[in-house]
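target_13.pdb, holding PDB, C-alpha atoms and all ligand atoms:
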```pdb
ATOM      1  CA  MET A  27      -2.313  15.067  21.473
ATOM      2  CA  SER A  28       0.608  14.987  19.030
ATOM      3  CA  LYS A  29       1.147  18.048  16.826
ATOM      4  CA  LYS A  30       1.877  15.920  13.752
ATOM      5  CA  GLY A  31      -1.005  14.121  12.095
ATOM      6  CA  LEU A  32      -1.897  10.465  12.592
ATOM      7  CA  ILE A  33      -0.692   8.177   9.797
ATOM      8  CA  VAL A  34      -2.387   4.809   9.216
ATOM      9  CA  ILE A  35      -0.353   2.202   7.326
ATOM     10  CA  THR A  36      -1.810  -1.134   6.245
ATOM     11  CA  GLY A  37       0.530  -4.075   5.717
ATOM     12  CA  ALA A  38       3.209  -2.559   7.937
ATOM     13  CA  SER A  39       4.544  -5.925   9.127
ATOM     14  CA  SER A  40       7.086  -6.247   6.288
ATOM     15  CA  GLY A  41       8.546  -4.717   3.137
ATOM     16  CA  ILE A  42       7.315  -1.336   1.924
ATOM     17  CA  GLY A  43       4.798  -0.870   4.749
ATOM     18  CA  GLU A  44       7.434  -1.507   7.396
ATOM     19  CA  ALA A  45       9.848   0.936   5.720
ATOM     20  CA  ALA A  46       7.069   3.547   5.458
ATOM     21  CA  ALA A  47       6.272   3.106   9.160
ATOM     22  CA  LYS A  48       9.900   3.794  10.066
ATOM     23  CA  ALA A  49      10.075   6.811   7.740
ATOM     24  CA  PHE A  50       6.891   8.466   9.062
ATOM     25  CA  SER A  51       7.921   7.714  12.646
ATOM     26  CA  GLN A  52      11.326   9.279  12.024
ATOM     27  CA  ALA A  53       9.426  12.348  10.718
ATOM     28  CA  GLY A  54       7.681  12.574  14.101
ATOM     29  CA  HIS A  55       4.204  11.204  13.317
ATOM     30  CA  PRO A  56       2.025   9.064  15.550
ATOM     31  CA  LEU A  57       1.118   5.843  13.775
ATOM     32  CA  LEU A  58      -1.561   3.210  13.526
ATOM     33  CA  LEU A  59      -0.005   0.073  12.036
ATOM     34  CA  LEU A  60      -2.235  -2.686  10.696
ATOM     35  CA  ALA A  61      -1.482  -6.246   9.562
ATOM     36  CA  ARG A  62      -2.318  -9.823  10.514
ATOM     37  CA  ARG A  63       1.126 -10.515  12.035
ATOM     38  CA  LEU A  64       0.852  -8.393  15.177
ATOM     39  CA  ASP A  65       4.186  -9.665  16.538
ATOM     40  CA  ARG A  66       5.996  -8.167  13.527
ATOM     41  CA  LEU A  67       4.292  -4.788  14.041
ATOM     42  CA  GLU A  68       5.134  -4.738  17.741
ATOM     43  CA  ALA A  69       8.741  -5.801  17.090
ATOM     44  CA  LEU A  70       9.285  -2.455  15.323
ATOM     45  CA  LYS A  71       8.950  -0.777  18.744
ATOM     46  CA  LEU A  72       8.116   2.608  17.236
ATOM     47  CA  PRO A  73       7.140   5.458  19.582
ATOM     48  CA  ASN A  74       3.577   6.911  19.618
ATOM     49  CA  THR A  75       2.350   3.868  17.744
ATOM     50  CA  ILE A  76      -0.696   1.652  18.064
ATOM     51  CA  CYS A  77      -0.357  -1.794  16.483
ATOM     52  CA  GLU A  78      -3.527  -3.709  15.659
ATOM     53  CA  LYS A  79      -4.066  -7.170  14.244
ATOM     54  CA  VAL A  80      -6.352  -6.358  11.321
ATOM     55  CA  ASP A  81      -7.252  -8.204   8.148
ATOM     56  CA  VAL A  82      -7.927  -5.454   5.583
ATOM     57  CA  THR A  83     -10.671  -7.525   3.997
ATOM     58  CA  ASN A  84     -12.644  -6.990   7.213
ATOM     59  CA  LEU A  85     -14.186  -3.507   7.195
ATOM     60  CA  ASP A  86     -15.222  -3.637  10.860
ATOM     61  CA  GLU A  87     -11.703  -4.499  12.026
ATOM     62  CA  ILE A  88     -10.309  -1.446  10.192
ATOM     63  CA  LYS A  89     -13.094   0.757  11.595
ATOM     64  CA  SER A  90     -12.499  -0.168  15.218
ATOM     65  CA  ALA A  91      -8.693   0.114  14.929
ATOM     66  CA  VAL A  92      -9.020   3.595  13.396
ATOM     67  CA  ALA A  93     -11.508   4.686  16.084
ATOM     68  CA  LYS A  94      -9.097   3.528  18.809
ATOM     69  CA  ALA A  95      -6.141   5.403  17.276
ATOM     70  CA  GLU A  96      -8.154   8.592  16.613
ATOM     71  CA  LYS A  97      -9.228   8.643  20.248
ATOM     72  CA  LYS A  98      -5.591   8.742  21.295
ATOM     73  CA  PHE A  99      -3.915  10.741  18.526
ATOM     74  CA  GLY A 100      -6.670  12.785  16.857
ATOM     75  CA  PRO A 101      -8.029  12.421  13.300
ATOM     76  CA  VAL A 102      -6.285  10.430  10.584
ATOM     77  CA  ASP A 103      -4.233  12.782   8.434
ATOM     78  CA  CYS A 104      -2.979  10.145   6.003
ATOM     79  CA  LEU A 105      -3.859   6.583   5.111
ATOM     80  CA  VAL A 106      -1.220   4.533   3.302
ATOM     81  CA  ASN A 107      -3.176   1.705   1.689
ATOM     82  CA  ASN A 108      -0.257  -0.656   1.216
ATOM     83  CA  ALA A 109      -1.341  -4.203   2.161
ATOM     84  CA  GLY A 110      -1.254  -6.479  -0.865
ATOM     85  CA  VAL A 111      -0.552  -9.966  -2.150
ATOM     86  CA  MET A 112       0.968 -11.122  -5.430
ATOM     87  CA  LEU A 113       0.101 -14.689  -6.365
ATOM     88  CA  LEU A 114       1.477 -15.153  -9.861
ATOM     89  CA  GLY A 115       0.104 -17.831 -12.162
ATOM     90  CA  VAL A 116      -1.461 -18.637 -15.514
ATOM     91  CA  ALA A 117      -5.199 -18.413 -15.986
ATOM     92  CA  ASP A 118      -5.988 -21.979 -16.969
ATOM     93  CA  THR A 119      -4.051 -23.649 -14.157
ATOM     94  CA  GLN A 120      -4.046 -21.211 -11.224
ATOM     95  CA  ASP A 121      -6.315 -22.023  -8.291
ATOM     96  CA  PRO A 122      -9.191 -19.489  -8.442
ATOM     97  CA  LYS A 123      -8.903 -19.170  -4.656
ATOM     98  CA  GLU A 124      -5.663 -17.277  -5.321
ATOM     99  CA  TRP A 125      -7.518 -14.846  -7.619
ATOM    100  CA  GLU A 126     -10.139 -14.401  -4.933
ATOM    101  CA  GLN A 127      -7.474 -13.585  -2.330
ATOM    102  CA  MET A 128      -5.814 -10.992  -4.594
ATOM    103  CA  VAL A 129      -9.142  -9.367  -5.413
ATOM    104  CA  GLN A 130     -10.146  -9.288  -1.758
ATOM    105  CA  VAL A 131      -6.860  -7.891  -0.402
ATOM    106  CA  ASN A 132      -5.610  -5.715  -3.273
ATOM    107  CA  ILE A 133      -8.978  -4.220  -4.274
ATOM    108  CA  MET A 134     -11.460  -4.633  -1.424
ATOM    109  CA  GLY A 135      -8.785  -4.050   1.240
ATOM    110  CA  VAL A 136      -7.867  -0.695  -0.319
ATOM    111  CA  LEU A 137     -11.505   0.328  -0.806
ATOM    112  CA  ASN A 138     -12.297  -0.634   2.796
ATOM    113  CA  GLY A 139      -9.566   1.668   4.067
ATOM    114  CA  ILE A 140     -10.844   4.531   1.909
ATOM    115  CA  HIS A 141     -14.404   3.929   3.081
ATOM    116  CA  VAL A 142     -13.379   4.214   6.739
ATOM    117  CA  VAL A 143     -11.295   7.408   6.605
ATOM    118  CA  LEU A 144     -12.637   9.447   3.669
ATOM    119  CA  PRO A 145     -15.879  10.775   5.269
ATOM    120  CA  GLY A 146     -13.924  12.343   8.180
ATOM    121  CA  MET A 147     -11.337  13.812   5.817
ATOM    122  CA  LYS A 148     -14.062  15.383   3.649
ATOM    123  CA  GLU A 149     -15.745  16.811   6.719
ATOM    124  CA  ARG A 150     -12.453  18.304   7.948
ATOM    125  CA  ARG A 151     -11.574  19.327   4.366
ATOM    126  CA  HIS A 152      -8.106  17.908   4.899
ATOM    127  CA  GLY A 153      -6.330  14.610   4.424
ATOM    128  CA  THR A 154      -4.295  12.377   2.144
ATOM    129  CA  ILE A 155      -4.887   8.846   0.917
ATOM    130  CA  ILE A 156      -1.944   7.082  -0.693
ATOM    131  CA  ASP A 157      -2.755   3.874  -2.555
ATOM    132  CA  ILE A 158       0.131   1.549  -3.354
ATOM    133  CA  SER A 159      -0.422   0.171  -6.827
ATOM    134  CA  SER A 160       2.395  -1.090  -9.080
ATOM    135  CA  VAL A 161       3.938  -0.592 -12.482
ATOM    136  CA  ALA A 162       1.861  -3.750 -13.048
ATOM    137  CA  GLY A 163      -1.099  -1.385 -12.694
ATOM    138  CA  ARG A 164       0.000   0.435 -15.862
ATOM    139  CA  LYS A 165       1.206  -2.387 -18.095
ATOM    140  CA  THR A 166       0.828  -6.151 -18.133
ATOM    141  CA  TYR A 167       3.468  -8.823 -17.503
ATOM    142  CA  PRO A 168       3.545 -12.585 -18.134
ATOM    143  CA  ASN A 169       2.027 -14.650 -15.276
ATOM    144  CA  HIS A 170       0.635 -11.448 -13.738
ATOM    145  CA  ALA A 171      -2.820 -11.372 -15.374
ATOM    146  CA  VAL A 172      -4.972 -11.241 -12.258
ATOM    147  CA  TYR A 173      -2.408  -9.366 -10.154
ATOM    148  CA  CYS A 174      -2.270  -6.756 -12.950
ATOM    149  CA  GLY A 175      -6.073  -6.706 -12.976
ATOM    150  CA  THR A 176      -6.139  -5.810  -9.285
ATOM    151  CA  LYS A 177      -3.497  -3.113  -9.682
ATOM    152  CA  PHE A 178      -5.136  -1.615 -12.813
ATOM    153  CA  ALA A 179      -8.240  -1.412 -10.618
ATOM    154  CA  VAL A 180      -6.319   0.468  -7.903
ATOM    155  CA  HIS A 181      -5.100   2.987 -10.508
ATOM    156  CA  ALA A 182      -8.629   3.404 -11.893
ATOM    157  CA  PHE A 183     -10.616   3.875  -8.701
ATOM    158  CA  THR A 184      -7.925   5.996  -7.039
ATOM    159  CA  GLU A 185      -8.021   8.438  -9.960
ATOM    160  CA  GLN A 186     -11.809   8.646  -9.989
ATOM    161  CA  ILE A 187     -12.166   9.005  -6.201
ATOM    162  CA  ARG A 188      -9.424  11.664  -6.367
ATOM    163  CA  GLU A 189     -11.601  13.665  -8.757
ATOM    164  CA  GLU A 190     -14.591  13.321  -6.464
ATOM    165  CA  ALA A 191     -12.616  14.292  -3.332
ATOM    166  CA  SER A 192     -10.665  17.172  -4.882
ATOM    167  CA  SER A 193     -13.274  19.833  -4.101
ATOM    168  CA  TYR A 194     -13.020  18.775  -0.432
ATOM    169  CA  ASP A 195      -9.242  19.417  -0.447
ATOM    170  CA  VAL A 196      -8.517  15.726   0.113
ATOM    171  CA  ARG A 197      -5.570  14.351  -1.861
ATOM    172  CA  PHE A 198      -5.387  10.929  -3.523
ATOM    173  CA  ILE A 199      -1.959   9.695  -4.578
ATOM    174  CA  THR A 200      -1.028   6.516  -6.445
ATOM    175  CA  ILE A 201       2.467   5.123  -5.921
ATOM    176  CA  ALA A 202       3.435   2.540  -8.538
ATOM    177  CA  PRO A 203       6.742   0.778  -7.916
ATOM    178  CA  GLY A 204       8.527  -1.732 -10.117
ATOM    179  CA  ALA A 205      10.197  -4.793  -8.578
ATOM    180  CA  VAL A 206      11.141  -4.217  -4.930
ATOM    181  CA  GLU A 207      13.161  -6.587  -2.741
ATOM    182  CA  THR A 208      10.479  -7.752  -0.247
ATOM    183  CA  GLU A 209       8.578 -10.877   0.840
ATOM    184  CA  LEU A 210       5.919 -10.285  -1.838
ATOM    185  CA  LEU A 211       7.083 -12.952  -4.308
ATOM    186  CA  SER A 212       7.392 -15.631  -1.607
ATOM    187  CA  HIS A 213       3.640 -16.362  -1.583
ATOM    188  CA  THR A 214       3.511 -17.429  -5.257
ATOM    189  CA  THR A 215       3.053 -21.201  -5.298
ATOM    190  CA  SER A 216       4.697 -22.051  -8.670
ATOM    191  CA  LYS A 217       8.419 -22.659  -8.063
ATOM    192  CA  LYS A 218       9.174 -22.112 -11.760
ATOM    193  CA  ILE A 219       7.491 -18.714 -11.827
ATOM    194  CA  VAL A 220       9.331 -17.693  -8.641
ATOM    195  CA  ASN A 221      12.680 -18.829 -10.085
ATOM    196  CA  ASP A 222      12.098 -17.045 -13.419
ATOM    197  CA  TYR A 223      11.128 -13.857 -11.594
ATOM    198  CA  GLN A 224      14.248 -14.047  -9.382
ATOM    199  CA  GLU A 225      16.365 -14.506 -12.480
ATOM    200  CA  TRP A 226      14.768 -11.454 -14.114
ATOM    201  CA  LYS A 227      15.504  -9.455 -10.976
ATOM    202  CA  THR A 228      19.216 -10.317 -11.201
ATOM    203  CA  THR A 229      19.327  -8.551 -14.594
ATOM    204  CA  MET A 230      18.483  -5.338 -12.728
ATOM    205  CA  GLY A 231      21.635  -5.408 -10.657
ATOM    206  CA  GLN A 232      20.015  -3.933  -7.609
ATOM    207  CA  PRO A 233      16.204  -3.797  -7.602
ATOM    208  CA  LEU A 234      14.407  -1.115  -5.626
ATOM    209  CA  GLN A 235      14.633  -1.363  -1.839
ATOM    210  CA  SER A 236      11.600  -0.816   0.397
ATOM    211  CA  GLU A 237      13.220   2.368   1.695
ATOM    212  CA  ASP A 238      13.254   3.826  -1.844
ATOM    213  CA  VAL A 239       9.485   3.440  -2.059
ATOM    214  CA  ALA A 240       8.996   4.715   1.497
ATOM    215  CA  ASN A 241      10.956   7.852   0.565
ATOM    216  CA  SER A 242       8.590   8.466  -2.369
ATOM    217  CA  ILE A 243       5.539   8.002  -0.157
ATOM    218  CA  LEU A 244       6.877  10.449   2.425
ATOM    219  CA  PHE A 245       7.929  12.939  -0.281
ATOM    220  CA  ALA A 246       4.462  12.956  -1.836
ATOM    221  CA  TYR A 247       2.803  13.347   1.574
ATOM    222  CA  GLN A 248       5.108  16.151   2.696
ATOM    223  CA  GLN A 249       4.206  18.497  -0.161
ATOM    224  CA  PRO A 250       1.978  21.409   0.871
ATOM    225  CA  GLN A 251      -1.697  20.371   0.988
ATOM    226  CA  ARG A 252      -2.363  22.486  -2.130
ATOM    227  CA  VAL A 253      -0.050  20.171  -4.104
ATOM    228  CA  CYS A 254      -1.325  16.750  -5.100
ATOM    229  CA  ILE A 255       1.262  14.522  -6.729
ATOM    230  CA  ARG A 256      -1.267  12.299  -8.436
ATOM    231  CA  GLU A 257       1.074   9.475  -9.331
ATOM    232  CA  ILE A 258       4.642   8.346  -8.877
ATOM    233  CA  VAL A 259       5.974   5.465 -10.977
ATOM    234  CA  LEU A 260       9.417   4.335  -9.818
ATOM    235  CA  CYS A 261      11.542   1.417 -10.943
ATOM    236  CA  ALA A 262      15.135   0.304 -10.663
ATOM    237  CA  THR A 263      17.082   2.150 -13.335
ATOM    238  CA  ARG A 264      18.006  -1.168 -14.948
ATOM    239  CA  GLN A 265      14.455  -2.592 -14.868
ATOM    240  CA  ASP A 266      13.825  -3.117 -18.578
ATOM    241  CA  LYS A 267      10.035  -3.479 -18.638
TER     242      LYS A 267
HETATM  243  P1  LIG A 301       5.286  -7.830   1.581
HETATM  244  O1  LIG A 301       4.805  -9.212   1.304
HETATM  245  O2  LIG A 301       6.608  -7.665   2.238
HETATM  246  O3  LIG A 301       4.209  -7.029   2.422
HETATM  247  C1  LIG A 301       2.826  -7.190   2.230
HETATM  248  C2  LIG A 301       2.106  -6.659   3.449
HETATM  249  O4  LIG A 301       0.691  -6.813   3.245
HETATM  250  C3  LIG A 301       2.467  -7.432   4.715
HETATM  251  O5  LIG A 301       2.682  -6.515   5.758
HETATM  252  C4  LIG A 301       1.213  -8.275   4.993
HETATM  253  O6  LIG A 301       1.017  -8.393   6.396
HETATM  254  C5  LIG A 301       0.126  -7.376   4.412
HETATM  255  N1  LIG A 301      -1.094  -8.115   4.119
HETATM  256  C6  LIG A 301      -1.292  -9.099   3.209
HETATM  257  N2  LIG A 301      -2.551  -9.550   3.278
HETATM  258  C7  LIG A 301      -3.179  -8.835   4.260
HETATM  259  C8  LIG A 301      -4.468  -8.836   4.811
HETATM  260  N3  LIG A 301      -5.424  -9.670   4.374
HETATM  261  N4  LIG A 301      -4.753  -7.966   5.810
HETATM  262  C9  LIG A 301      -3.794  -7.134   6.276
HETATM  263  N5  LIG A 301      -2.550  -7.071   5.794
HETATM  264  C10 LIG A 301      -2.241  -7.926   4.796
HETATM  265  O7  LIG A 301       5.267  -7.097   0.165
HETATM  266  P2  LIG A 301       5.544  -5.575  -0.293
HETATM  267  O8  LIG A 301       6.034  -4.752   0.805
HETATM  268  O9  LIG A 301       6.326  -5.689  -1.534
HETATM  269  O10 LIG A 301       4.073  -5.152  -0.721
HETATM  270  C11 LIG A 301       3.435  -3.958  -0.297
HETATM  271  C12 LIG A 301       2.603  -3.403  -1.431
HETATM  272  O11 LIG A 301       3.464  -3.000  -2.490
HETATM  273  C13 LIG A 301       1.616  -4.392  -2.045
HETATM  274  O12 LIG A 301       0.397  -3.730  -2.301
HETATM  275  C14 LIG A 301       2.283  -4.795  -3.338
HETATM  276  O13 LIG A 301       1.354  -5.217  -4.299
HETATM  277  C15 LIG A 301       2.970  -3.490  -3.712
HETATM  278  N6  LIG A 301       4.060  -3.610  -4.671
HETATM  279  C16 LIG A 301       5.162  -4.399  -4.392
HETATM  280  C17 LIG A 301       6.150  -4.557  -5.333
HETATM  281  C18 LIG A 301       7.303  -5.483  -5.122
HETATM  282  O14 LIG A 301       8.012  -5.787  -6.091
HETATM  283  N7  LIG A 301       7.591  -5.915  -3.912
HETATM  284  C19 LIG A 301       6.093  -3.843  -6.615
HETATM  285  C20 LIG A 301       4.932  -3.018  -6.773
HETATM  286  C21 LIG A 301       3.961  -2.918  -5.836
HETATM  287  P3  LIG A 301       0.489  -9.717   7.164
HETATM  288  O15 LIG A 301       0.901 -10.895   6.335
HETATM  289  O16 LIG A 301       1.174  -9.635   8.492
HETATM  290  O17 LIG A 301      -0.984  -9.509   7.271
END
```
Mind turning this structure into structure tokens?
Amino acid sequence: MSKKGLIVITGASSGIGEAAAKAFSQAGHPLLLLARRLDRLEALKLPNTICEKVDVTNLDEIKSAVAKAEKKFGPVDCLVNNAGVMLLGVADTQDPKEWEQMVQVNIMGVLNGIHVVLPGMKERRHGTIIDISSVAGRKTYPNHAVYCGTKFAVHAFTEQIREEASSYDVRFITIAPGAVETELLSHTTSKKIVNDYQEWKTTMGQPLQSEDVANSILFAYQQPQRVCIREIVLCATRQDK
């Protein structure tokens, strides 16, 4: 069994999750990587890593992947609840199926992960859960109404579950990035919204890179267990709002 704790990362097939997987692997941790695109997880070729095709909206799929990894590497020390989708739109015209998908992945997916690993962490009186929210979980933006709703929810339940888990020495951390250069925007169906967003990003010079967020995740995790960095909000210096 590895001396360093097992790290579970959801949505590790691209962007922030992929960068976090590389960072934790570089720090010597065994990993369980979850996403629907298994080929992208396996292409990372990280050592001491189990890759599983899991849809985070499916509680049983998360459960069995975690059980498999714990059998090999020991108990989960940290869950990075990162999988998410951003389908921007305006309320009167957006297909409600897109709202449903955001609610299912961004809220239920995160809660499912917590539900699977928190009981063991409380029993062991040790562990860390890092939920990836967004600056859009602290303030609203045009075309982001429902996406913001899901991220405000992540901020809210993470803070309350943190309170409830604190007496068990389990840490809950919210990481809230501003715009990051990833595939996230590519799933929005309105070309105009995508183009306007891209234009806004050019005013930032260089937006955040996935590695910048991964560094924050690793930094928060690597503090002594007595220290809980409750929230990190990070944006490109030139991000204006
Ligand atoms: P990406 O689109 O690059 O990554 C999203 C990840 O989520 C992919 O690995 C995708 O994997 C996974 N995912 C999506 N749906 C599911 C699902 N149903 N089950 C399992 N995995 C799923 O975007 P980012 O890296 O930017 O996004 C990561 C997180 O960061 C998200 O929560 C996002 O909201 C948040 N964030 C991003 C910001 C940005 O500007 N990029 C800013 C603030 C927060 P697959 O498709 O293979 O399943």
Find the spatial neighbours of Glu257 in chain A, counting only C-alpha atoms, within a cut-off of 8 Å - ignore same-chain residues fewer than 2 positions away - and output them as a ChimeraX atom specification. /A:199-202,255,259
- Task: Determine the residue set returned by the PyMOL selection byres (((not hetatm)) within 7 of (chain A and resi 301)) for the present structure, and present it as an MDAnalysis selection string.
- Result: chainID A and resid 36:43 60:64 80:83 108:112 131:132 158:161 202:210 236
Residue subset to file, keeping C-alpha atoms, as an mmCIF file, in the frame of the given file:
```
data_model
loop_
_atom_site.group_PDB
_atom_site.id
_atom_site.type_symbol
_atom_site.label_atom_id
_atom_site.label_comp_id
_atom_site.auth_asym_id
_atom_site.auth_seq_id
_atom_site.Cartn_x
_atom_site.Cartn_y
_atom_site.Cartn_z
ATOM 1 C CA THR A 36 -1.810 -1.134 6.245
ATOM 2 C CA GLY A 37 0.530 -4.075 5.717
ATOM 3 C CA ALA A 38 3.209 -2.559 7.937
ATOM 4 C CA SER A 39 4.544 -5.925 9.127
ATOM 5 C CA SER A 40 7.086 -6.247 6.288
ATOM 6 C CA GLY A 41 8.546 -4.717 3.137
ATOM 7 C CA ILE A 42 7.315 -1.336 1.924
ATOM 8 C CA GLY A 43 4.798 -0.870 4.749
ATOM 9 C CA LEU A 60 -2.235 -2.686 10.696
ATOM 10 C CA ALA A 61 -1.482 -6.246 9.562
ATOM 11 C CA ARG A 62 -2.318 -9.823 10.514
ATOM 12 C CA ARG A 63 1.126 -10.515 12.035
ATOM 13 C CA LEU A 64 0.852 -8.393 15.177
ATOM 14 C CA VAL A 80 -6.352 -6.358 11.321
ATOM 15 C CA ASP A 81 -7.252 -8.204 8.148
ATOM 16 C CA VAL A 82 -7.927 -5.454 5.583
ATOM 17 C CA THR A 83 -10.671 -7.525 3.997
ATOM 18 C CA ASN A 108 -0.257 -0.656 1.216
ATOM 19 C CA ALA A 109 -1.341 -4.203 2.161
ATOM 20 C CA GLY A 110 -1.254 -6.479 -0.865
ATOM 21 C CA VAL A 111 -0.552 -9.966 -2.150
ATOM 22 C CA MET A 112 0.968 -11.122 -5.430
ATOM 23 C CA VAL A 131 -6.860 -7.891 -0.402
ATOM 24 C CA ASN A 132 -5.610 -5.715 -3.273
ATOM 25 C CA ILE A 158 0.131 1.549 -3.354
ATOM 26 C CA SER A 159 -0.422 0.171 -6.827
ATOM 27 C CA SER A 160 2.395 -1.090 -9.080
ATOM 28 C CA VAL A 161 3.938 -0.592 -12.482
ATOM 29 C CA ALA A 202 3.435 2.540 -8.538
ATOM 30 C CA PRO A 203 6.742 0.778 -7.916
ATOM 31 C CA GLY A 204 8.527 -1.732 -10.117
ATOM 32 C CA ALA A 205 10.197 -4.793 -8.578
ATOM 33 C CA VAL A 206 11.141 -4.217 -4.930
ATOM 34 C CA GLU A 207 13.161 -6.587 -2.741
ATOM 35 C CA THR A 208 10.479 -7.752 -0.247
ATOM 36 C CA GLU A 209 8.578 -10.877 0.840
ATOM 37 C CA LEU A 210 5.919 -10.285 -1.838
ATOM 38 C CA SER A 236 11.600 -0.816 0.397
#
```
Margin query: Can you tell me which residues surround Thr228 in chain A at a distance of at most 12 Å, considering all atoms listed in the file, apart from same-chain residues fewer than 3 positions away, and format the answer as an MDAnalysis selection string?
Written below: chainID A and resid 205:207 221:225 231:234 262 264:266
What would the selection look like, as an MDAnalysis selection string, if the PyMOL selection byres (((chain A and resi 191) around 12) and not hetatm) were run on the coordinates I just shared? chainID A and resid 140 144:155 183:190 192:199 254
Choose the residue, out of A:Leu58, A:Gly139, A:Thr229, A:Ala171, that has the smallest atom-to-atom separation from Cys77 in chain A; count only C-alpha atoms.
->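 For Cys77 in chain A, the nearest of the candidates is A:Leu58.
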note - CA of Lys29 in chain A and CA of Glu237 in chain A are separated by 24.9 Å
All heavy atoms modelled onto range 55-61 of chain A, as a PDB file, in the coordinates of the input:
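Output saved as rebuild-v1.pdb:
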```
ATOM      1  N   HIS A  55       5.658  11.446  13.329  1.00  0.00           N
ATOM      2  CA  HIS A  55       4.204  11.204  13.317  1.00  0.00           C
ATOM      3  C   HIS A  55       3.797  10.093  14.275  1.00  0.00           C
ATOM      4  O   HIS A  55       4.502   9.087  14.404  1.00  0.00           O
ATOM      5  CB  HIS A  55       3.748  10.792  11.910  1.00  0.00           C
ATOM      6  CG  HIS A  55       3.788  11.919  10.940  1.00  0.00           C
ATOM      7  ND1 HIS A  55       2.740  12.792  10.778  1.00  0.00           N
ATOM      8  CD2 HIS A  55       4.759  12.332  10.103  1.00  0.00           C
ATOM      9  CE1 HIS A  55       3.063  13.693   9.865  1.00  0.00           C
ATOM     10  NE2 HIS A  55       4.288  13.439   9.439  1.00  0.00           N
ATOM     11  N   PRO A  56       2.629  10.223  14.894  1.00  0.00           N
ATOM     12  CA  PRO A  56       2.025   9.064  15.550  1.00  0.00           C
ATOM     13  C   PRO A  56       1.477   8.124  14.480  1.00  0.00           C
ATOM     14  O   PRO A  56       1.084   8.569  13.398  1.00  0.00           O
ATOM     15  CB  PRO A  56       0.889   9.674  16.378  1.00  0.00           C
ATOM     16  CG  PRO A  56       0.552  10.960  15.713  1.00  0.00           C
ATOM     17  CD  PRO A  56       1.790  11.430  14.984  1.00  0.00           C
ATOM     18  N   LEU A  57       1.475   6.834  14.801  1.00  0.00           N
ATOM     19  CA  LEU A  57       1.118   5.843  13.775  1.00  0.00           C
ATOM     20  C   LEU A  57       0.071   4.861  14.273  1.00  0.00           C
ATOM     21  O   LEU A  57       0.035   4.508  15.456  1.00  0.00           O
ATOM     22  CB  LEU A  57       2.352   5.007  13.398  1.00  0.00           C
ATOM     23  CG  LEU A  57       3.598   5.711  12.881  1.00  0.00           C
ATOM     24  CD1 LEU A  57       4.717   4.686  12.675  1.00  0.00           C
ATOM     25  CD2 LEU A  57       3.317   6.429  11.571  1.00  0.00           C
ATOM     26  N   LEU A  58      -0.745   4.409  13.328  1.00  0.00           N
ATOM     27  CA  LEU A  58      -1.561   3.210  13.526  1.00  0.00           C
ATOM     28  C   LEU A  58      -1.084   2.212  12.479  1.00  0.00           C
ATOM     29  O   LEU A  58      -1.198   2.460  11.273  1.00  0.00           O
ATOM     30  CB  LEU A  58      -3.052   3.506  13.326  1.00  0.00           C
ATOM     31  CG  LEU A  58      -3.950   2.261  13.261  1.00  0.00           C
ATOM     32  CD1 LEU A  58      -3.921   1.472  14.582  1.00  0.00           C
ATOM     33  CD2 LEU A  58      -5.397   2.647  12.917  1.00  0.00           C
ATOM     34  N   LEU A  59      -0.530   1.090  12.951  1.00  0.00           N
ATOM     35  CA  LEU A  59      -0.005   0.073  12.036  1.00  0.00           C
ATOM     36  C   LEU A  59      -0.928  -1.140  12.031  1.00  0.00           C
ATOM     37  O   LEU A  59      -1.270  -1.671  13.099  1.00  0.00           O
ATOM     38  CB  LEU A  59       1.410  -0.354  12.471  1.00  0.00           C
ATOM     39  CG  LEU A  59       2.438   0.778  12.589  1.00  0.00           C
ATOM     40  CD1 LEU A  59       3.808   0.215  12.967  1.00  0.00           C
ATOM     41  CD2 LEU A  59       2.525   1.590  11.289  1.00  0.00           C
ATOM     42  N   LEU A  60      -1.288  -1.579  10.830  1.00  0.00           N
ATOM     43  CA  LEU A  60      -2.235  -2.686  10.696  1.00  0.00           C
ATOM     44  C   LEU A  60      -1.625  -3.827   9.871  1.00  0.00           C
ATOM     45  O   LEU A  60      -0.968  -3.587   8.854  1.00  0.00           O
ATOM     46  CB  LEU A  60      -3.507  -2.210   9.979  1.00  0.00           C
ATOM     47  CG  LEU A  60      -4.193  -0.955  10.517  1.00  0.00           C
ATOM     48  CD1 LEU A  60      -5.411  -0.619   9.643  1.00  0.00           C
ATOM     49  CD2 LEU A  60      -4.615  -1.160  11.958  1.00  0.00           C
ATOM     50  N   ALA A  61      -1.860  -5.044  10.315  1.00  0.00           N
ATOM     51  CA  ALA A  61      -1.482  -6.246   9.562  1.00  0.00           C
ATOM     52  C   ALA A  61      -2.000  -7.439  10.353  1.00  0.00           C
ATOM     53  O   ALA A  61      -2.485  -7.283  11.478  1.00  0.00           O
ATOM     54  CB  ALA A  61       0.033  -6.356   9.383  1.00  0.00           C
TER      55      ALA A  61
END
```
